[in-house]
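Asks: Contents of target-v1.txt (compact mmCIF, C-alpha atoms) are below:
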# COMPACT_ATOMS: atom_id res chain seq x y z
CA MET O 1 -95.29 -17.73 -31.16
CA TYR O 2 -97.89 -15.00 -30.71
CA GLU O 3 -100.62 -16.74 -28.68
CA ALA O 4 -100.82 -18.33 -25.24
CA ILE O 5 -103.42 -19.72 -22.83
CA ASP O 6 -103.77 -17.67 -19.66
CA ILE O 7 -103.26 -19.93 -16.64
CA VAL O 8 -105.76 -17.91 -14.58
CA THR O 9 -108.69 -17.60 -17.01
CA ASN O 10 -107.90 -20.54 -19.34
CA GLU O 11 -108.54 -18.16 -22.24
CA LEU O 12 -106.41 -18.04 -25.39
CA TYR O 13 -104.97 -14.60 -26.09
CA GLY O 14 -102.88 -13.12 -28.86
CA ILE O 15 -99.86 -11.22 -27.60
CA ASP O 16 -101.47 -7.78 -27.92
CA ASP O 17 -104.61 -8.81 -26.02
CA TRP O 18 -102.45 -10.60 -23.46
CA LEU O 19 -100.60 -7.40 -22.63
CA LYS O 20 -103.95 -5.62 -22.19
CA ASN O 21 -105.88 -8.30 -20.24
CA CYS O 22 -103.43 -10.45 -18.31
CA GLU O 23 -102.03 -7.82 -15.96
CA ASN O 24 -98.37 -8.48 -15.25
CA ARG O 25 -98.36 -12.21 -15.91
CA LYS O 26 -95.30 -13.18 -17.92
CA GLU O 27 -96.11 -16.88 -18.41
CA GLY O 28 -98.85 -18.71 -20.23
CA LEU O 29 -99.39 -22.18 -21.67
CA CYS O 30 -98.67 -23.39 -25.20
CA ARG O 31 -101.93 -24.63 -26.70
CA VAL O 32 -100.14 -27.43 -28.55
CA CYS O 33 -97.96 -29.07 -25.89
CA GLY O 34 -99.39 -27.50 -22.72
CA GLU O 35 -95.95 -26.43 -21.48
CA LYS O 36 -95.28 -23.03 -19.95
CA ILE O 37 -94.18 -20.31 -22.36
CA TYR O 38 -93.00 -16.84 -21.47
CA ILE O 39 -93.03 -13.37 -22.97
CA ARG O 40 -89.91 -12.28 -24.82
CA ALA O 41 -88.77 -9.03 -26.41
CA ASP O 42 -91.42 -6.94 -24.62
CA LYS O 43 -88.77 -4.25 -24.06
CA SER O 44 -87.18 -4.52 -27.51
CA GLU O 45 -87.60 -1.94 -30.24
CA ASN O 46 -86.27 -4.20 -32.97
CA THR O 47 -88.00 -7.53 -32.24
CA LYS O 48 -91.75 -8.06 -32.06
CA THR O 49 -92.99 -9.16 -28.63
CA HIS O 50 -93.76 -12.88 -28.63
CA PHE O 51 -94.01 -16.01 -26.50
CA SER O 52 -91.19 -18.52 -26.31
CA HIS O 53 -90.74 -22.01 -24.88
CA TYR O 54 -88.10 -22.64 -22.27
CA ARG O 55 -84.78 -24.09 -23.40
CA ASP O 56 -85.50 -27.74 -22.53
CA SER O 57 -88.92 -27.81 -24.21
CA LYS O 58 -89.87 -30.82 -26.34
CA CYS O 59 -92.72 -29.04 -28.12
CA PRO O 60 -92.95 -29.96 -31.82
CA THR O 61 -93.64 -26.32 -32.70
CA ILE O 62 -89.88 -25.89 -32.24
CA GLU O 63 -88.52 -27.09 -35.55
CA LYS O 64 -85.56 -29.01 -34.12
CA ASN O 65 -88.03 -31.06 -32.04
CA HIS O 66 -90.17 -31.97 -35.01
CA ARG O 67 -90.06 -35.73 -35.65
CA PRO O 68 -91.82 -36.25 -38.97
CA PHE O 69 -93.78 -39.48 -39.38
CA ALA O 70 -92.95 -40.75 -35.87
CA HIS O 71 -96.68 -40.94 -35.13
CA LEU O 72 -97.60 -42.70 -38.38
CA ASN O 73 -97.99 -46.14 -36.90
CA ALA O 74 -100.99 -48.05 -35.67
CA SER O 75 -101.56 -50.64 -32.97
CA GLU O 76 -103.47 -52.93 -35.35
CA LEU O 77 -104.37 -53.21 -39.01
CA ASP O 78 -107.77 -53.91 -40.55
CA LEU O 79 -107.47 -54.79 -44.25
CA GLU O 80 -111.24 -54.97 -44.76
CA ASN O 81 -111.76 -51.46 -43.42
CA GLY O 82 -108.76 -50.36 -45.46
CA GLU O 83 -110.51 -51.31 -48.69
CA ILE O 84 -113.52 -49.21 -47.65
CA ILE O 85 -111.33 -46.20 -46.84
CA LYS O 86 -109.39 -46.50 -50.11
CA GLY O 87 -112.66 -46.63 -52.03
CA LYS O 88 -113.84 -43.40 -50.36
CA VAL O 89 -110.50 -41.72 -51.01
CA ALA O 90 -110.70 -42.63 -54.69
CA GLU O 91 -114.28 -41.42 -54.93
CA HIS O 92 -113.73 -38.10 -53.13
CA SER O 93 -110.10 -37.36 -54.01
CA PHE O 94 -110.79 -33.85 -55.34
CA LEU O 95 -112.71 -32.79 -52.23
CA ILE O 96 -109.92 -34.21 -50.04
CA PHE O 97 -107.42 -32.25 -52.11
CA GLU O 98 -109.46 -29.05 -51.66
CA LYS O 99 -109.74 -29.58 -47.91
CA CYS O 100 -105.99 -30.13 -47.63
CA LYS O 101 -105.39 -27.09 -49.81
CA GLY O 102 -107.48 -25.02 -47.42
CA MET O 103 -104.95 -25.75 -44.68
CA ALA O 104 -101.77 -25.98 -46.78
CA GLU O 105 -101.97 -22.91 -48.99
CA ASN O 106 -101.01 -23.38 -52.62
CA LEU O 107 -100.89 -27.14 -52.27
CA ASN O 108 -100.38 -28.47 -55.78
CA ALA O 109 -101.48 -31.72 -57.38
CA LYS O 110 -97.96 -33.19 -57.38
CA GLU O 111 -97.59 -32.58 -53.65
CA PHE O 112 -101.00 -34.13 -53.05
CA ARG O 113 -100.07 -37.24 -55.04
CA ASP O 114 -96.90 -37.49 -52.95
CA LEU O 115 -99.00 -37.40 -49.78
CA ILE O 116 -101.20 -40.21 -51.11
CA ASP O 117 -98.14 -42.26 -52.09
CA PHE O 118 -96.52 -41.84 -48.69
CA ALA O 119 -99.73 -42.75 -46.84
CA THR O 120 -100.02 -45.86 -49.01
CA GLN O 121 -96.44 -46.80 -48.27
CA LYS O 122 -97.14 -46.50 -44.53
CA GLU O 123 -100.38 -48.55 -44.91
CA VAL O 124 -102.35 -45.70 -43.33
CA TRP O 125 -105.57 -46.82 -45.02
CA ASN O 126 -105.42 -50.13 -43.12
CA TYR O 127 -105.15 -48.65 -39.63
CA LYS O 128 -107.79 -50.29 -37.48
CA GLY O 129 -110.69 -48.01 -36.66
CA LEU O 130 -109.67 -45.32 -39.14
CA THR O 131 -112.62 -43.26 -40.30
CA PHE O 132 -112.77 -41.12 -43.42
CA THR O 133 -112.89 -37.96 -41.27
CA TYR O 134 -109.20 -38.25 -40.35
CA VAL O 135 -107.84 -38.79 -43.86
CA PRO O 136 -107.14 -35.16 -44.91
CA TYR O 137 -105.47 -34.38 -41.58
CA ILE O 138 -103.26 -37.46 -41.60
CA LEU O 139 -102.25 -36.75 -45.19
CA LEU O 140 -100.92 -33.31 -44.26
CA THR O 141 -98.57 -34.89 -41.73
CA CYS O 142 -97.21 -37.18 -44.46
CA ARG O 143 -94.72 -34.53 -45.55
CA GLU O 144 -91.74 -33.40 -43.52
CA LYS O 145 -92.20 -29.78 -44.58
CA PHE O 146 -94.09 -27.70 -47.14
CA THR O 147 -91.54 -25.28 -48.57
CA LYS O 148 -91.77 -21.89 -50.24
CA GLY O 149 -90.20 -23.30 -53.35
CA GLU O 150 -88.09 -21.57 -55.94
CA ARG O 151 -90.90 -19.18 -56.90
CA ASN O 152 -91.73 -18.31 -53.29
CA TYR O 153 -95.39 -19.13 -53.85
CA ARG O 154 -95.75 -19.53 -50.08
CA LYS O 155 -94.85 -16.89 -47.51
CA SER O 156 -92.74 -19.33 -45.48
CA ASP O 157 -92.06 -23.01 -44.88
CA PHE O 158 -94.48 -24.87 -42.62
CA TYR O 159 -95.34 -28.33 -41.35
CA PHE O 160 -98.24 -30.03 -39.54
CA VAL O 161 -98.40 -31.80 -36.18
CA PHE O 162 -100.95 -33.65 -34.07
CA ASP O 163 -101.16 -33.78 -30.28
CA PRO O 164 -97.50 -34.32 -29.26
CA ASN O 165 -98.62 -36.79 -26.58
CA ILE O 166 -99.67 -39.43 -29.11
CA LYS O 167 -97.29 -42.23 -30.03
CA ASN O 168 -99.49 -43.88 -32.64
CA VAL O 169 -101.94 -41.98 -34.82
CA ASP O 170 -104.79 -44.37 -33.99
CA GLU O 171 -104.82 -42.93 -30.47
CA LEU O 172 -106.71 -40.00 -31.99
CA TRP O 173 -109.82 -42.10 -32.56
CA ASN O 174 -109.27 -44.81 -29.95
CA GLN O 175 -108.52 -42.60 -26.93
CA SER O 176 -110.99 -39.81 -26.18
CA GLY O 177 -108.47 -37.78 -24.16
CA LYS O 178 -106.35 -36.91 -27.17
CA LYS O 179 -106.75 -33.45 -28.68
CA GLN O 180 -108.83 -33.55 -31.85
CA LYS O 181 -106.68 -30.87 -33.44
CA LEU O 182 -104.13 -30.39 -36.18
CA TRP O 183 -101.65 -27.53 -36.01
CA LYS O 184 -99.76 -25.84 -38.81
CA VAL O 185 -96.39 -24.57 -37.60
CA ASP O 186 -94.82 -21.63 -39.41
CA CYS O 187 -91.07 -22.20 -39.60
CA LYS O 188 -90.31 -18.49 -39.72
CA ASP O 189 -91.74 -17.53 -36.32
CA ASN O 190 -93.00 -20.82 -34.78
CA ASN O 191 -96.51 -19.42 -34.80
CA VAL O 192 -99.29 -21.98 -35.05
CA THR O 193 -102.64 -22.15 -36.80
CA GLU O 194 -105.14 -24.54 -35.26
CA TYR O 195 -107.61 -26.74 -37.17
CA SER O 196 -110.29 -28.79 -35.46
CA ILE O 197 -110.75 -32.26 -36.89
CA ASP O 198 -114.18 -32.42 -38.51
CA SER O 199 -115.89 -34.42 -41.23
CA ALA O 200 -116.81 -31.53 -43.54
CA LEU O 201 -115.25 -31.81 -46.99
CA LEU O 202 -116.66 -28.74 -48.71
CA PRO O 203 -114.22 -25.81 -48.80
CA LYS O 204 -115.22 -22.99 -46.45
CA TRP O 205 -115.47 -20.56 -49.35
CA TYR O 206 -118.12 -22.76 -51.05
CA GLU O 207 -120.34 -23.52 -48.05
CA PHE O 208 -122.60 -20.50 -48.54
CA THR O 209 -123.07 -21.25 -52.25
CA ASP O 210 -123.80 -24.90 -51.52
CA GLU O 211 -126.43 -23.96 -48.94
CA TYR O 212 -127.90 -21.36 -51.31
CA ILE O 213 -128.34 -23.88 -54.13
CA ARG O 214 -129.76 -26.55 -51.82
CA ASN O 215 -132.33 -24.09 -50.48
CA LYS O 216 -133.12 -22.95 -54.02
CA PHE O 217 -134.18 -26.40 -55.15
CA THR O 218 -135.83 -27.79 -52.02
Would you mind writing the structure in this file as structure tokens?

Replies:
Amino acid sequence: MYEAIDIVTNELYGIDDWLKNCENRKEGLCRVCGEKIYIRADKSENTKTHFSHYRDSKCPTIEKNHRPFAHLNASELDLENGEIIKGKVAEHSFLIFEKCKGMAENLNAKEFRDLIDFATQKEVWNYKGLTFTYVPYILLTCREKFTKGERNYRKSDFYFVFDPNIKNVDELWNQSGKKQKLWKVDCKDNNVTEYSIDSALLPKWYEFTDEYIRNKFT
């Protein structure tokens, strides 16, 4: 892991900026689980300096701690709302696919269909209070791991996690204290990429063009 939150300033620093700005502090906080992490290999010539969790950590960014699908339950079901959500998924499936692809590089159509099938099996669409905003993010957690594959069309294996303090996924929209984040964990170095949960469906690369065309014709 190459980033940590400084306990003193509450700022997130990459390892290089940490060494420049955080004086002699050797510990920071993991932005996923909030546990203390410490600097390793700062004296090594062969291993890149990084942050590491302590041995008894339960953080899901450590692959052995990852419990796929453990969060994919809900306190209650709402079949009426489920029909609404399924209708929106069917209507906007390509945009959902593109949004997921923006976080899971080289996501293919077969993998996306598998995510839809698994979510259907778990009755995700019927979770009470579910809004369309959460659909792409939940879908990405419906796979134990995205692998490089035989052709190595990804740089490394990775998986996605929500706030490790949730037991049921509906806590994300029913309890305001839960982190509205999704993290991609790289299995090669345990580094994480953070995504804020938002309702935008347009791919980032198309936003400028979309705005340009809208302004052109209004």

Asks: Taking only C-alpha atoms into account, which of O:Lys86, O:Ile15, O:Leu130, O:Pro203 comes nearest Cys100 in chain O?

Replies: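 That would be O:Pro203, the residue with the smallest distance to Cys100 in chain O.
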
Asks: Name all residues at most 6 Å from range 157-168 of chain O (count all atoms listed in the file; drop same-chain ones fewer than 6 positions away) and give them as an mmCIF file with C-alpha atoms, in the frame of the given file.

Replies:
data_model
loop_
_atom_site.group_PDB
_atom_site.id
_atom_site.type_symbol
_atom_site.label_atom_id
_atom_site.label_comp_id
_atom_site.auth_asym_id
_atom_site.auth_seq_id
_atom_site.Cartn_x
_atom_site.Cartn_y
_atom_site.Cartn_z
ATOM 1 C CA HIS O 71 -96.680 -40.940 -35.130
ATOM 2 C CA ASN O 73 -97.990 -46.140 -36.900
ATOM 3 C CA ALA O 74 -100.990 -48.050 -35.670
ATOM 4 C CA THR O 141 -98.570 -34.890 -41.730
ATOM 5 C CA LYS O 145 -92.200 -29.780 -44.580
ATOM 6 C CA PHE O 146 -94.090 -27.700 -47.140
ATOM 7 C CA THR O 147 -91.540 -25.280 -48.570
ATOM 8 C CA LYS O 148 -91.770 -21.890 -50.240
ATOM 9 C CA LYS O 179 -106.750 -33.450 -28.680
ATOM 10 C CA LEU O 182 -104.130 -30.390 -36.180
ATOM 11 C CA TRP O 183 -101.650 -27.530 -36.010
ATOM 12 C CA LYS O 184 -99.760 -25.840 -38.810
ATOM 13 C CA VAL O 185 -96.390 -24.570 -37.600
ATOM 14 C CA ASP O 186 -94.820 -21.630 -39.410
ATOM 15 C CA CYS O 187 -91.070 -22.200 -39.600
#

Asks: Tell me which protein, DNA and RNA residues are within 6 Å of Lys181 in chain O, counting all atoms listed in the file, leaving out same-chain ones fewer than 4 positions away, and put them as a list in words.

Replies: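 My reading of the contact set: Tyr195, Ser196 and Ile197 of chain O.
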
Asks: Tell me, in Å to one decimal, how far CA of Asp16 in chain O is from CA of Thr193 in chain O.

Replies: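 CA of Thr193 in chain O lies 16.9 Å from CA of Asp16 in chain O.
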
Asks: Which residues come within 10 Å of range 3-5 of chain O, counting all atoms listed in the file, excluding same-chain residues fewer than 2 positions away, as a PyMOL selection string?

Replies: chain O and resi 1+7-18+27-32+34+36-39+50-52+191-193

Asks: Dump as a list in words all residues having an atom at most 7 Å from (-104.6, -31.5, -50.1), computed in the file's coordinates with all atoms listed in the file.

Replies: Ile96, Phe97, Glu98, Lys99, Cys100, Lys101, Leu107, Phe112 and Pro136 of chain O

Asks: Any chance you could model N, CA, C and O atoms for range 146-160 of chain O and send them as a CSV table (one decimal), in the frame of the given file?

Replies:
chain,number,residue,atom,x,y,z
O,146,PHE,N,-93.6,-28.3,-45.9
O,146,PHE,CA,-94.1,-27.7,-47.1
O,146,PHE,C,-93.2,-26.4,-47.3
O,146,PHE,O,-93.3,-25.6,-46.4
O,147,THR,N,-92.5,-26.4,-48.4
O,147,THR,CA,-91.5,-25.3,-48.6
O,147,THR,C,-92.1,-24.2,-49.5
O,147,THR,O,-93.0,-24.4,-50.3
O,148,LYS,N,-91.4,-23.0,-49.4
O,148,LYS,CA,-91.8,-21.9,-50.2
O,148,LYS,C,-91.5,-22.2,-51.7
O,148,LYS,O,-92.3,-21.7,-52.6
O,149,GLY,N,-90.5,-23.0,-52.0
O,149,GLY,CA,-90.2,-23.3,-53.4
O,149,GLY,C,-89.4,-22.2,-54.0
O,149,GLY,O,-89.2,-21.1,-53.5
O,150,GLU,N,-88.9,-22.5,-55.2
O,150,GLU,CA,-88.1,-21.6,-55.9
O,150,GLU,C,-88.8,-20.3,-56.3
O,150,GLU,O,-88.2,-19.2,-56.4
O,151,ARG,N,-90.1,-20.4,-56.5
O,151,ARG,CA,-90.9,-19.2,-56.9
O,151,ARG,C,-91.5,-18.4,-55.7
O,151,ARG,O,-92.2,-17.5,-55.9
O,152,ASN,N,-91.2,-18.9,-54.5
O,152,ASN,CA,-91.7,-18.3,-53.3
O,152,ASN,C,-93.3,-18.1,-53.3
O,152,ASN,O,-93.8,-17.1,-53.0
O,153,TYR,N,-93.9,-19.2,-53.8
O,153,TYR,CA,-95.4,-19.1,-53.8
O,153,TYR,C,-96.1,-19.4,-52.5
O,153,TYR,O,-97.3,-19.3,-52.4
O,154,ARG,N,-95.3,-19.5,-51.5
O,154,ARG,CA,-95.8,-19.5,-50.1
O,154,ARG,C,-94.9,-18.5,-49.3
O,154,ARG,O,-93.8,-18.2,-49.6
O,155,LYS,N,-95.5,-17.9,-48.3
O,155,LYS,CA,-94.8,-16.9,-47.5
O,155,LYS,C,-93.7,-17.5,-46.7
O,155,LYS,O,-92.7,-16.8,-46.5
O,156,SER,N,-93.8,-18.7,-46.3
O,156,SER,CA,-92.7,-19.3,-45.5
O,156,SER,C,-92.9,-20.8,-45.5
O,156,SER,O,-94.0,-21.3,-45.9
O,157,ASP,N,-91.9,-21.6,-45.0
O,157,ASP,CA,-92.1,-23.0,-44.9
O,157,ASP,C,-93.0,-23.3,-43.7
O,157,ASP,O,-93.0,-22.5,-42.7
O,158,PHE,N,-93.6,-24.5,-43.8
O,158,PHE,CA,-94.5,-24.9,-42.6
O,158,PHE,C,-94.6,-26.4,-42.6
O,158,PHE,O,-94.3,-27.1,-43.6
O,159,TYR,N,-95.1,-26.9,-41.5
O,159,TYR,CA,-95.3,-28.3,-41.4
O,159,TYR,C,-96.5,-28.5,-40.4
O,159,TYR,O,-97.0,-27.6,-39.7
O,160,PHE,N,-97.0,-29.7,-40.3
O,160,PHE,CA,-98.2,-30.0,-39.5
O,160,PHE,C,-97.9,-31.1,-38.4
O,160,PHE,O,-97.2,-32.0,-38.7
